[in-house]
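Below is upload-v1.pdb, which holds PDB, C-alpha atoms, pLDDT in the B column.
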ATOM      1  CA  MET W   1     -28.098  15.111   3.213  1.00 40.00           C
ATOM      2  CA  ALA W   2     -25.865  16.609   5.921  1.00 40.00           C
ATOM      3  CA  LEU W   3     -26.324  13.456   8.016  1.00 38.00           C
ATOM      4  CA  ILE W   4     -25.177  11.220   5.158  1.00 40.00           C
ATOM      5  CA  LEU W   5     -22.115  13.395   4.603  1.00 38.00           C
ATOM      6  CA  ALA W   6     -21.299  13.358   8.327  1.00 41.00           C
ATOM      7  CA  LEU W   7     -21.588   9.559   8.493  1.00 39.00           C
ATOM      8  CA  THR W   8     -19.331   9.200   5.457  1.00 41.00           C
ATOM      9  CA  LEU W   9     -16.658  11.345   7.096  1.00 42.00           C
ATOM     10  CA  ILE W  10     -16.826   9.403  10.369  1.00 42.00           C
ATOM     11  CA  VAL W  11     -16.462   5.987   8.764  1.00 46.00           C
ATOM     12  CA  GLY W  12     -13.092   6.538   7.051  1.00 59.00           C
ATOM     13  CA  PHE W  13     -12.114   4.677   3.935  1.00 63.00           C
ATOM     14  CA  ASP W  14     -13.122   1.232   2.685  1.00 74.00           C
ATOM     15  CA  VAL W  15     -10.390  -1.307   2.020  1.00 74.00           C
ATOM     16  CA  PRO W  16     -10.149  -1.575  -1.768  1.00 71.00           C
ATOM     17  CA  LYS W  17     -10.628  -4.883  -3.566  1.00 71.00           C
ATOM     18  CA  ASN W  18      -7.457  -6.994  -3.573  1.00 70.00           C
ATOM     19  CA  PRO W  19      -5.627  -6.601  -6.909  1.00 68.00           C
ATOM     20  CA  GLU W  20      -4.511 -10.258  -6.537  1.00 67.00           C
ATOM     21  CA  GLU W  21      -1.941 -10.987  -9.256  1.00 69.00           C
ATOM     22  CA  ASP W  22      -1.713  -7.409 -10.554  1.00 79.00           C
ATOM     23  CA  PHE W  23       0.070  -6.133  -7.416  1.00 90.00           C
ATOM     24  CA  ALA W  24      -1.205  -2.607  -8.093  1.00 89.00           C
ATOM     25  CA  TRP W  25      -4.452  -0.932  -7.094  1.00 89.00           C
ATOM     26  CA  ASP W  26      -4.992   2.567  -8.400  1.00 92.00           C
ATOM     27  CA  GLU W  27      -8.288   4.286  -7.662  1.00 91.00           C
ATOM     28  CA  THR W  28      -6.770   7.599  -8.793  1.00 94.00           C
ATOM     29  CA  GLY W  29      -5.792   6.729 -12.377  1.00 94.00           C
ATOM     30  CA  THR W  30      -2.204   7.819 -11.700  1.00 94.00           C
ATOM     31  CA  LEU W  31      -0.120   4.698 -12.398  1.00 92.00           C
ATOM     32  CA  SER W  32       1.007   4.344 -16.000  1.00 94.00           C
ATOM     33  CA  ASP W  33       0.988   1.010 -17.816  1.00 93.00           C
ATOM     34  CA  ALA W  34       4.806   1.042 -17.692  1.00 94.00           C
ATOM     35  CA  THR W  35       4.784   1.500 -13.911  1.00 92.00           C
ATOM     36  CA  ARG W  36       2.278  -1.326 -13.495  1.00 90.00           C
ATOM     37  CA  GLU W  37       4.491  -3.568 -15.632  1.00 92.00           C
ATOM     38  CA  THR W  38       7.541  -2.699 -13.510  1.00 92.00           C
ATOM     39  CA  ILE W  39       5.607  -3.684 -10.369  1.00 89.00           C
ATOM     40  CA  ARG W  40       4.641  -6.999 -12.022  1.00 89.00           C
ATOM     41  CA  GLN W  41       8.282  -7.659 -13.028  1.00 91.00           C
ATOM     42  CA  VAL W  42       9.538  -7.018  -9.497  1.00 89.00           C
ATOM     43  CA  ASN W  43       7.004  -9.515  -8.176  1.00 87.00           C
ATOM     44  CA  ARG W  44       7.944 -12.133 -10.785  1.00 88.00           C
ATOM     45  CA  GLN W  45      11.559 -11.813  -9.595  1.00 90.00           C
ATOM     46  CA  LEU W  46      10.464 -12.217  -5.961  1.00 85.00           C
ATOM     47  CA  GLU W  47       8.113 -15.137  -6.680  1.00 82.00           C
ATOM     48  CA  SER W  48      10.517 -17.867  -5.517  1.00 83.00           C
ATOM     49  CA  THR W  49      10.820 -16.236  -2.078  1.00 86.00           C
ATOM     50  CA  GLY W  50       7.085 -15.757  -1.586  1.00 83.00           C
ATOM     51  CA  ALA W  51       7.657 -12.042  -1.000  1.00 89.00           C
ATOM     52  CA  GLN W  52       5.369  -9.497  -2.636  1.00 90.00           C
ATOM     53  CA  VAL W  53       5.520  -5.758  -3.214  1.00 92.00           C
ATOM     54  CA  VAL W  54       2.109  -4.162  -3.672  1.00 92.00           C
ATOM     55  CA  VAL W  55       1.301  -0.554  -4.551  1.00 93.00           C
ATOM     56  CA  ALA W  56      -2.092   0.864  -3.578  1.00 93.00           C
ATOM     57  CA  MET W  57      -3.186   4.354  -4.577  1.00 93.00           C
ATOM     58  CA  ILE W  58      -6.355   5.679  -3.023  1.00 93.00           C
ATOM     59  CA  PRO W  59      -7.890   9.141  -3.273  1.00 94.00           C
ATOM     60  CA  THR W  60      -8.251   9.781   0.474  1.00 93.00           C
ATOM     61  CA  LEU W  61      -7.978   8.158   3.883  1.00 93.00           C
ATOM     62  CA  GLY W  62     -11.173   9.650   5.226  1.00 89.00           C
ATOM     63  CA  THR W  63     -10.766   9.777   9.003  1.00 89.00           C
ATOM     64  CA  ASP W  64      -8.172   6.979   9.183  1.00 90.00           C
ATOM     65  CA  SER W  65      -4.475   7.630   9.668  1.00 94.00           C
ATOM     66  CA  ILE W  66      -2.077   6.472   6.965  1.00 95.00           C
ATOM     67  CA  GLU W  67      -0.683   3.931   9.461  1.00 95.00           C
ATOM     68  CA  GLU W  68      -4.122   2.461  10.239  1.00 93.00           C
ATOM     69  CA  ALA W  69      -5.095   2.289   6.581  1.00 94.00           C
ATOM     70  CA  ALA W  70      -1.814   0.662   5.519  1.00 94.00           C
ATOM     71  CA  LEU W  71      -2.017  -1.985   8.227  1.00 93.00           C
ATOM     72  CA  GLU W  72      -5.659  -2.721   7.424  1.00 92.00           C
ATOM     73  CA  ILE W  73      -4.954  -3.143   3.693  1.00 92.00           C
ATOM     74  CA  PHE W  74      -1.802  -5.176   4.394  1.00 93.00           C
ATOM     75  CA  ARG W  75      -3.673  -7.627   6.639  1.00 91.00           C
ATOM     76  CA  THR W  76      -6.864  -7.805   4.556  1.00 90.00           C
ATOM     77  CA  TRP W  77      -5.006  -8.481   1.320  1.00 91.00           C
ATOM     78  CA  GLY W  78      -2.548 -10.943   2.916  1.00 91.00           C
ATOM     79  CA  ILE W  79       0.488  -9.445   1.200  1.00 91.00           C
ATOM     80  CA  GLY W  80       3.520 -11.752   1.056  1.00 89.00           C
ATOM     81  CA  ASP W  81       3.941 -15.339   2.178  1.00 89.00           C
ATOM     82  CA  ARG W  82       1.686 -16.075   5.149  1.00 88.00           C
ATOM     83  CA  ASN W  83       4.338 -18.033   7.086  1.00 91.00           C
ATOM     84  CA  LYS W  84       7.275 -15.743   6.293  1.00 92.00           C
ATOM     85  CA  ASN W  85       5.234 -12.509   6.622  1.00 92.00           C
ATOM     86  CA  ASN W  86       7.431 -11.003   3.920  1.00 92.00           C
ATOM     87  CA  GLY W  87       5.229  -8.529   2.110  1.00 93.00           C
ATOM     88  CA  VAL W  88       5.660  -4.836   1.413  1.00 95.00           C
ATOM     89  CA  LEU W  89       2.845  -2.362   0.785  1.00 95.00           C
ATOM     90  CA  LEU W  90       3.353   1.121  -0.598  1.00 94.00           C
ATOM     91  CA  LEU W  91       0.157   3.023   0.193  1.00 95.00           C
ATOM     92  CA  ILE W  92      -0.393   6.447  -1.341  1.00 94.00           C
ATOM     93  CA  ALA W  93      -3.374   8.619  -0.397  1.00 95.00           C
ATOM     94  CA  LYS W  94      -3.138  11.103  -3.254  1.00 95.00           C
ATOM     95  CA  GLU W  95      -5.533  13.861  -2.158  1.00 95.00           C
ATOM     96  CA  ASP W  96      -4.214  13.717   1.413  1.00 95.00           C
ATOM     97  CA  ARG W  97      -0.610  13.824   0.130  1.00 94.00           C
ATOM     98  CA  LYS W  98       0.371  10.994   2.474  1.00 95.00           C
ATOM     99  CA  LEU W  99       2.215   7.765   1.879  1.00 94.00           C
ATOM    100  CA  ARG W 100       3.499   4.856   3.886  1.00 96.00           C
ATOM    101  CA  ILE W 101       5.594   1.774   3.358  1.00 95.00           C
ATOM    102  CA  GLU W 102       4.168  -1.068   5.454  1.00 96.00           C
ATOM    103  CA  VAL W 103       6.608  -3.951   5.891  1.00 96.00           C
ATOM    104  CA  GLY W 104       5.808  -7.459   7.122  1.00 94.00           C
ATOM    105  CA  TYR W 105       7.702  -8.706  10.185  1.00 93.00           C
ATOM    106  CA  GLY W 106       9.694 -11.105   8.018  1.00 92.00           C
ATOM    107  CA  LEU W 107      11.336  -8.187   6.199  1.00 91.00           C
ATOM    108  CA  GLU W 108      11.732  -5.722   9.064  1.00 91.00           C
ATOM    109  CA  GLY W 109      15.404  -6.675   9.430  1.00 90.00           C
ATOM    110  CA  ALA W 110      16.034  -5.743   5.788  1.00 91.00           C
ATOM    111  CA  ILE W 111      13.631  -2.778   5.671  1.00 91.00           C
ATOM    112  CA  PRO W 112      13.302  -1.233   9.143  1.00 92.00           C
ATOM    113  CA  ASP W 113      11.169   1.890   9.593  1.00 91.00           C
ATOM    114  CA  SER W 114      14.246   4.118   9.268  1.00 92.00           C
ATOM    115  CA  VAL W 115      15.027   2.696   5.814  1.00 92.00           C
ATOM    116  CA  ALA W 116      11.380   2.945   4.735  1.00 92.00           C
ATOM    117  CA  ASP W 117      11.339   6.590   5.849  1.00 91.00           C
ATOM    118  CA  ARG W 118      14.530   7.331   3.885  1.00 92.00           C
ATOM    119  CA  ILE W 119      13.037   5.695   0.777  1.00 91.00           C
ATOM    120  CA  ILE W 120       9.969   7.907   1.114  1.00 91.00           C
ATOM    121  CA  ARG W 121      11.967  11.115   1.690  1.00 91.00           C
ATOM    122  CA  HIS W 122      14.760  10.597  -0.846  1.00 92.00           C
ATOM    123  CA  VAL W 123      13.316   8.372  -3.575  1.00 90.00           C
ATOM    124  CA  ILE W 124       9.530   8.683  -3.713  1.00 86.00           C
ATOM    125  CA  ALA W 125       8.750  12.184  -2.427  1.00 81.00           C
ATOM    126  CA  PRO W 126      11.115  14.242  -4.627  1.00 68.00           C
TER     127      PRO W 126
END

Is it possible to express this structure as structure tokens?
Amino acid sequence: MALILALTLIVGFDVPKNPEEDFAWDETGTLSDATRETIRQVNRQLESTGAQVVVAMIPTLGTDSIEEAALEIFRTWGIGDRNKNNGVLLLIAKEDRKLRIEVGYGLEGAIPDSVADRIIRHVIAP
């Protein structure tokens, strides 16, 4: 039993299943229906550009850092237009109390790390 627990802790988290057209993955049961609908509406407005904004809520990162997990989900899910690389992922690890905004290279001019950090500190975190 202790060996199984130790192996689970070493492995980290598994990338969740891609929410595809829902744009929201919530393994914690936190997102309300209204919030999910807002995320869908934002993506309908962005549809002509190929950009996507995806929210993923997971219970814990395991042994992974928030940066590693966000990048892994971003790449595995293929968020945004492949050629424009214009996706945005908001990853929240609820039990770890960590979050990250991962931005595709195509949007880094509009949303550099400094802006993403300000959004986290002044909009999301409070």

| message | Evaluate the PyMOL selection byres ((chain W and resi 79) around 8) against this structure - the residues, as a list of chain:residue names, please. | response | W:Ala51, W:Gln52, W:Val53, W:Val54, W:Phe74, W:Arg75, W:Trp77, W:Gly78, W:Gly80, W:Asp81, W:Arg82, W:Asn85, W:Asn86, W:Gly87, W:Val88, W:Leu89

| task | Please write as a PyMOL selection string the full residue list that the PyMOL selection byres ((chain W and resi 122-126) around 10) yields on this file. | result | chain W and resi 97-99+117-121

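Residue selection for this entry, given the PyMOL selection byres ((chain W and resi 26) around 12), comprises Pro16, Lys17, Asn18, Pro19, Asp22, Phe23, Ala24, Trp25, Glu27, Thr28, Gly29, Thr30, Leu31, Ser32, Asp33, Thr35, Arg36, Val54, Val55, Ala56, Met57, Ile58, Pro59, Thr60, Leu90, Leu91, Ile92, Ala93 and Lys94 of chain W.
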
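The space separating atom CA of Gly50 of chain W from atom CA of Asp64 of chain W comes to 29.4 Å.
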